[in-house]
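**Student:** Contents of final23.txt (compact mmCIF, C-alpha atoms) are below:
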```
# COMPACT_ATOMS: atom_id res chain seq x y z
CA GLN A 1110 0.86 73.48 224.39
CA LYS A 1111 0.21 71.48 221.25
CA GLU A 1112 3.27 69.92 219.67
CA VAL A 1113 2.63 71.34 216.22
CA GLU A 1114 0.56 74.48 215.76
CA GLN A 1115 -0.98 75.68 212.54
CA ASN A 1116 -3.56 78.36 211.86
CA SER A 1117 -6.62 76.44 210.69
CA GLY A 1118 -7.60 79.13 208.20
CA PRO A 1119 -9.12 79.38 205.75
CA LEU A 1120 -6.34 81.40 204.23
CA SER A 1121 -7.64 83.11 201.11
CA VAL A 1122 -5.30 84.51 198.49
CA PRO A 1123 -5.97 85.75 194.95
CA GLU A 1124 -4.70 83.76 191.99
CA GLY A 1125 -1.09 84.66 191.20
CA ALA A 1126 -0.29 85.85 194.72
CA ILE A 1127 2.11 84.31 197.22
CA ALA A 1128 0.53 82.08 199.86
CA SER A 1129 2.40 81.87 203.15
CA LEU A 1130 1.68 78.96 205.48
CA ASN A 1131 3.22 78.82 208.92
CA CYS A 1132 3.84 76.16 211.52
CA THR A 1133 5.39 76.33 214.99
CA TYR A 1134 6.50 73.41 217.10
CA SER A 1135 7.38 72.81 220.72
CA ASP A 1136 10.02 70.04 220.64
CA ARG A 1137 13.47 71.55 220.16
CA GLY A 1138 14.78 68.08 219.33
CA SER A 1139 12.72 67.93 216.14
CA GLN A 1140 14.92 66.89 213.27
CA SER A 1141 12.94 66.63 210.06
CA PHE A 1142 10.04 68.69 208.80
CA PHE A 1143 7.50 67.83 206.13
CA TRP A 1144 4.74 69.67 204.32
CA TYR A 1145 1.87 67.60 202.96
CA ARG A 1146 -1.04 68.76 200.80
CA GLN A 1147 -4.38 67.05 201.23
CA TYR A 1148 -7.40 67.39 198.99
CA SER A 1149 -10.73 66.44 200.52
CA GLY A 1150 -11.09 62.67 200.78
CA LYS A 1151 -7.64 62.02 199.40
CA SER A 1152 -4.29 61.00 200.82
CA PRO A 1153 -1.80 63.49 202.24
CA GLU A 1154 0.66 64.16 199.40
CA LEU A 1155 4.23 65.17 200.18
CA ILE A 1156 5.11 68.66 198.91
CA MET A 1157 8.41 69.46 200.58
CA PHE A 1158 10.72 68.26 203.32
CA ILE A 1159 13.51 70.16 205.04
CA TYR A 1160 16.11 69.23 207.63
CA SER A 1161 18.48 72.20 207.83
CA ASN A 1162 17.97 75.82 208.78
CA GLY A 1163 17.33 78.10 205.84
CA ASP A 1164 15.35 77.91 202.64
CA LYS A 1165 14.72 75.03 200.28
CA GLU A 1166 13.12 75.70 196.92
CA ASP A 1167 11.32 73.34 194.56
CA GLY A 1168 9.48 74.94 191.68
CA ARG A 1169 6.81 77.27 193.03
CA PHE A 1170 7.30 75.99 196.58
CA THR A 1171 9.81 77.21 199.17
CA ALA A 1172 10.15 75.71 202.62
CA GLN A 1173 11.79 77.79 205.32
CA LEU A 1174 13.10 76.40 208.60
CA ASN A 1175 14.24 78.35 211.66
CA LYS A 1176 15.12 75.94 214.46
CA ALA A 1177 16.06 78.71 216.91
CA SER A 1178 12.58 80.18 216.65
CA GLN A 1179 10.97 76.77 216.20
CA TYR A 1180 8.99 77.52 213.10
CA VAL A 1181 8.75 76.17 209.61
CA SER A 1182 6.88 77.79 206.76
CA LEU A 1183 5.80 77.03 203.23
CA LEU A 1184 5.57 79.67 200.53
CA ILE A 1185 3.63 79.04 197.36
CA ARG A 1186 4.42 81.47 194.55
CA ASP A 1187 2.03 82.23 191.71
CA SER A 1188 -0.81 80.50 193.57
CA GLN A 1189 -3.29 78.64 191.40
CA PRO A 1190 -6.88 77.57 192.16
CA SER A 1191 -5.60 73.98 192.01
CA ASP A 1192 -3.45 74.76 195.06
CA SER A 1193 -6.62 75.07 197.13
CA ALA A 1194 -6.33 72.29 199.71
CA THR A 1195 -5.42 71.65 203.32
CA TYR A 1196 -1.70 71.89 204.03
CA LEU A 1197 -0.37 69.72 206.83
CA CYS A 1198 2.84 70.42 208.71
CA ALA A 1199 4.52 67.34 210.19
CA LEU A 1200 7.77 66.66 211.97
CA TYR A 1201 9.97 63.85 213.15
CA SER A 1202 11.55 64.31 216.59
CA GLY A 1203 13.23 60.98 217.14
CA ASN A 1204 10.24 59.58 218.99
CA THR A 1205 6.93 59.32 217.15
CA PRO A 1206 7.46 58.71 213.42
CA LEU A 1207 5.43 61.76 212.43
CA VAL A 1208 3.67 64.38 214.51
CA PHE A 1209 1.12 66.41 212.58
CA GLY A 1210 -0.52 69.77 212.97
CA LYS A 1211 -4.24 70.12 212.30
CA GLY A 1212 -3.58 71.72 208.93
CA THR A 1213 -4.31 75.04 207.26
CA ARG A 1214 -7.02 75.35 204.63
CA LEU A 1215 -5.86 77.37 201.65
CA SER A 1216 -8.30 78.86 199.20
CA VAL A 1217 -6.95 80.44 196.00
CA ILE A 1218 -9.52 82.73 194.45
CA ALA A 1219 -9.58 82.99 190.64
CA GLU B 370 4.73 52.43 190.55
CA ALA B 371 1.56 51.70 192.50
CA GLY B 372 1.05 53.82 195.58
CA VAL B 373 -0.13 52.82 199.01
CA THR B 374 -3.55 51.23 198.72
CA GLN B 375 -6.09 50.80 201.47
CA PHE B 376 -9.24 48.75 201.64
CA PRO B 377 -12.07 49.40 202.19
CA SER B 378 -12.37 53.10 201.45
CA HIS B 379 -15.40 53.33 203.73
CA SER B 380 -16.79 51.08 206.44
CA VAL B 381 -19.92 51.56 208.50
CA ILE B 382 -20.47 49.13 211.35
CA GLU B 383 -22.39 49.00 214.59
CA LYS B 384 -20.85 49.36 218.01
CA GLY B 385 -19.58 46.01 219.24
CA GLN B 386 -18.85 44.61 215.79
CA THR B 387 -15.45 43.81 214.37
CA VAL B 388 -13.79 45.53 211.44
CA THR B 389 -10.54 44.76 209.65
CA LEU B 390 -8.73 47.36 207.59
CA ARG B 391 -6.07 46.43 205.06
CA CYS B 392 -3.06 48.31 203.76
CA ASP B 393 -0.80 47.39 200.85
CA PRO B 394 2.39 49.48 201.00
CA ILE B 395 4.50 50.49 198.04
CA SER B 396 6.42 47.45 196.86
CA GLY B 397 9.81 47.19 198.52
CA HIS B 398 8.97 49.53 201.40
CA ASP B 399 10.02 47.83 204.62
CA ASN B 400 8.50 50.51 206.85
CA LEU B 401 4.75 50.64 207.25
CA TYR B 402 2.83 53.03 209.49
CA TRP B 403 -0.76 53.37 210.68
CA TYR B 404 -2.25 56.74 211.59
CA ARG B 405 -5.71 57.90 212.54
CA ARG B 406 -7.55 61.18 212.20
CA VAL B 407 -10.54 61.70 214.47
CA MET B 408 -12.93 64.47 213.42
CA GLY B 409 -11.63 67.89 214.35
CA LYS B 410 -8.26 66.58 215.47
CA GLU B 411 -4.86 66.17 213.89
CA ILE B 412 -3.59 62.98 212.30
CA LYS B 413 -2.08 60.83 215.06
CA PHE B 414 0.41 58.00 214.90
CA LEU B 415 -0.73 54.51 215.88
CA LEU B 416 1.92 51.96 214.92
CA HIS B 417 5.13 51.39 212.97
CA PHE B 418 6.25 48.12 211.38
CA VAL B 419 9.69 47.34 210.05
CA LYS B 420 9.09 44.36 207.82
CA GLU B 421 6.96 42.04 209.96
CA SER B 422 8.13 43.38 213.32
CA LYS B 423 6.39 46.04 215.38
CA GLN B 424 8.96 48.80 215.82
CA ASP B 425 6.75 51.16 217.78
CA GLU B 426 3.17 50.67 218.91
CA SER B 427 3.06 53.48 221.43
CA GLY B 428 0.14 55.16 219.66
CA MET B 429 -2.27 52.25 219.79
CA PRO B 430 -5.26 53.43 221.86
CA ASN B 431 -6.03 50.18 223.70
CA ASN B 432 -6.08 46.43 223.34
CA ARG B 433 -9.15 46.48 221.12
CA PHE B 434 -6.79 47.35 218.28
CA LEU B 435 -4.62 44.63 216.76
CA ALA B 436 -2.23 45.21 213.88
CA GLU B 437 -0.43 42.52 211.95
CA ARG B 438 1.97 42.35 209.06
CA THR B 439 2.59 38.70 208.42
CA GLY B 440 5.32 38.13 205.86
CA GLY B 441 6.28 41.77 205.90
CA THR B 442 4.05 42.75 202.97
CA TYR B 443 0.51 43.97 203.53
CA SER B 444 -0.81 44.88 206.96
CA THR B 445 -4.17 44.60 208.66
CA LEU B 446 -5.61 46.62 211.51
CA LYS B 447 -8.46 44.97 213.37
CA VAL B 448 -10.76 46.73 215.79
CA GLN B 449 -12.66 44.36 218.07
CA PRO B 450 -15.11 45.27 219.49
CA ALA B 451 -15.59 48.65 217.85
CA GLU B 452 -16.66 51.59 220.01
CA LEU B 453 -18.18 54.93 218.98
CA GLU B 454 -14.93 56.80 219.62
CA ASP B 455 -13.12 54.65 217.08
CA SER B 456 -14.79 56.55 214.24
CA GLY B 457 -12.37 58.42 212.05
CA VAL B 458 -10.13 58.11 209.03
CA TYR B 459 -7.39 55.50 209.26
CA PHE B 460 -4.36 56.19 207.11
CA CYS B 461 -1.56 53.86 206.19
CA ALA B 462 1.83 55.09 205.01
CA SER B 463 5.06 53.45 203.91
CA SER B 464 8.68 54.36 203.34
CA PRO B 465 11.77 52.47 202.17
CA THR B 466 13.78 53.27 205.29
CA GLY B 467 13.09 54.75 208.70
CA PRO B 468 11.15 57.93 209.43
CA LYS B 469 14.02 60.31 210.16
CA ASN B 470 15.07 61.39 206.68
CA GLN B 471 12.67 59.45 204.53
CA PRO B 472 9.28 60.95 203.63
CA GLN B 473 6.31 58.69 204.12
CA HIS B 474 3.85 58.02 201.31
CA PHE B 475 0.22 57.86 202.36
CA GLY B 476 -2.80 55.95 201.16
CA ASP B 477 -6.23 57.53 200.70
CA GLY B 478 -7.38 56.20 204.05
CA THR B 479 -10.32 54.16 205.30
CA ARG B 480 -13.20 56.19 206.65
CA LEU B 481 -14.62 54.22 209.56
CA SER B 482 -18.00 55.07 211.03
CA ILE B 483 -19.26 53.35 214.16
CA LEU B 484 -23.02 53.61 214.75
```
As structure tokens, what does this structure read like?

**Tutor:**
Amino acid sequence: QKEVEQNSGPLSVPEGAIASLNCTYSDRGSQSFFWYRQYSGKSPELIMFIYSNGDKEDGRFTAQLNKASQYVSLLIRDSQPSDSATYLCALYSGNTPLVFGKGTRLSVIA
Amino acid sequence: EAGVTQFPSHSVIEKGQTVTLRCDPISGHDNLYWYRRVMGKEIKFLLHFVKESKQDESGMPNNRFLAERTGGTYSTLKVQPAELEDSGVYFCASSPTGPKNQPQHFGDGTRLSIL
């Protein structure tokens, strides 16, 4: 079982809709969770980070963490074409500094 | 504030040659990390420096890879001799403190192609 699982996509949503990106992980000791956005050929850019169970909101983005079920998700409200990118889920478990999933490609259709 | 910068952005070399990648972290960031993404795979951790000391090098593939951070500022990652499987994108990241509660800031990466 991979440590961090993401659906590779592409996930296509119409402009203005809510995009829901999901990530599951295997290490119950994972402590910190990060969502990065990556445009082609560019650096991963931090979008959100979350440490505690529940929701964390920042503008159009909401991160949700459920440690009992071992999943973390990212919701993007009012999706824009500029949100089209690959979204990387990463976590810190006390061992390796960051463990990444393969990423989900999001395509927002105008 | 300048971000993490990496040089070169692209490198194409032949198998058996040597290549050195450079990373300049954000000023004041004591923690510096190297990661690699091989085509079709996830980004994987290679090495973590705290200032000039190697905190964790458990991700380094083999002894053909040598990372240094003399003086605790910029870092270099040398591959000698390069093999075909070393092709990929090498990312550098930095953070002020350790990885637990401090997000890492990434550079644009060096795309390395071994022919």

**Student:** Give me, as a ChimeraX atom specification, the contact residues of chain A against chain B at a cut-off of 12 Å, counting all atoms listed in the file.

**Tutor:** /A:1111-1115,1117,1139-1161,1195-1213

**Student:** Mind giving me the straight-line distance from atom CA of Val1122 of chain A to atom CA of Phe1170 of chain A in Å, one decimal?

**Tutor:**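 So the answer is 15.3 Å.
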
**Student:** Would you mind listing what lies within 12 Å of Lys447 of chain B as a list in words, with only C-alpha atoms counted and same-chain residues fewer than 2 positions away left out?

**Tutor:** Gln386, Thr387, Val388, Thr389, Leu390, Arg391, Cys392, Trp403, Met429, Asn431, Asn432, Arg433, Phe434, Leu435, Ala436, Glu437, Arg438, Ser444, Thr445, Gln449, Pro450, Ala451, Asp455, Tyr459 and Leu481 of chain B

**Student:** Taking (0.5, 80.1, 207.7) in the file's own coordinates, collect the residues within 8 Å, counting all atoms listed in the file, and hand them back as a ChimeraX atom specification.

**Tutor:** /A:1115-1116,1120,1129-1132,1182-1183,1213

**Student:** For atom CA of Ser1193 of chain A and atom CA of Val1217 of chain A, quote the distance in Å rounded to one decimal.

**Tutor:**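 We find that atom CA of Ser1193 of chain A and atom CA of Val1217 of chain A lie 5.5 Å from each other.
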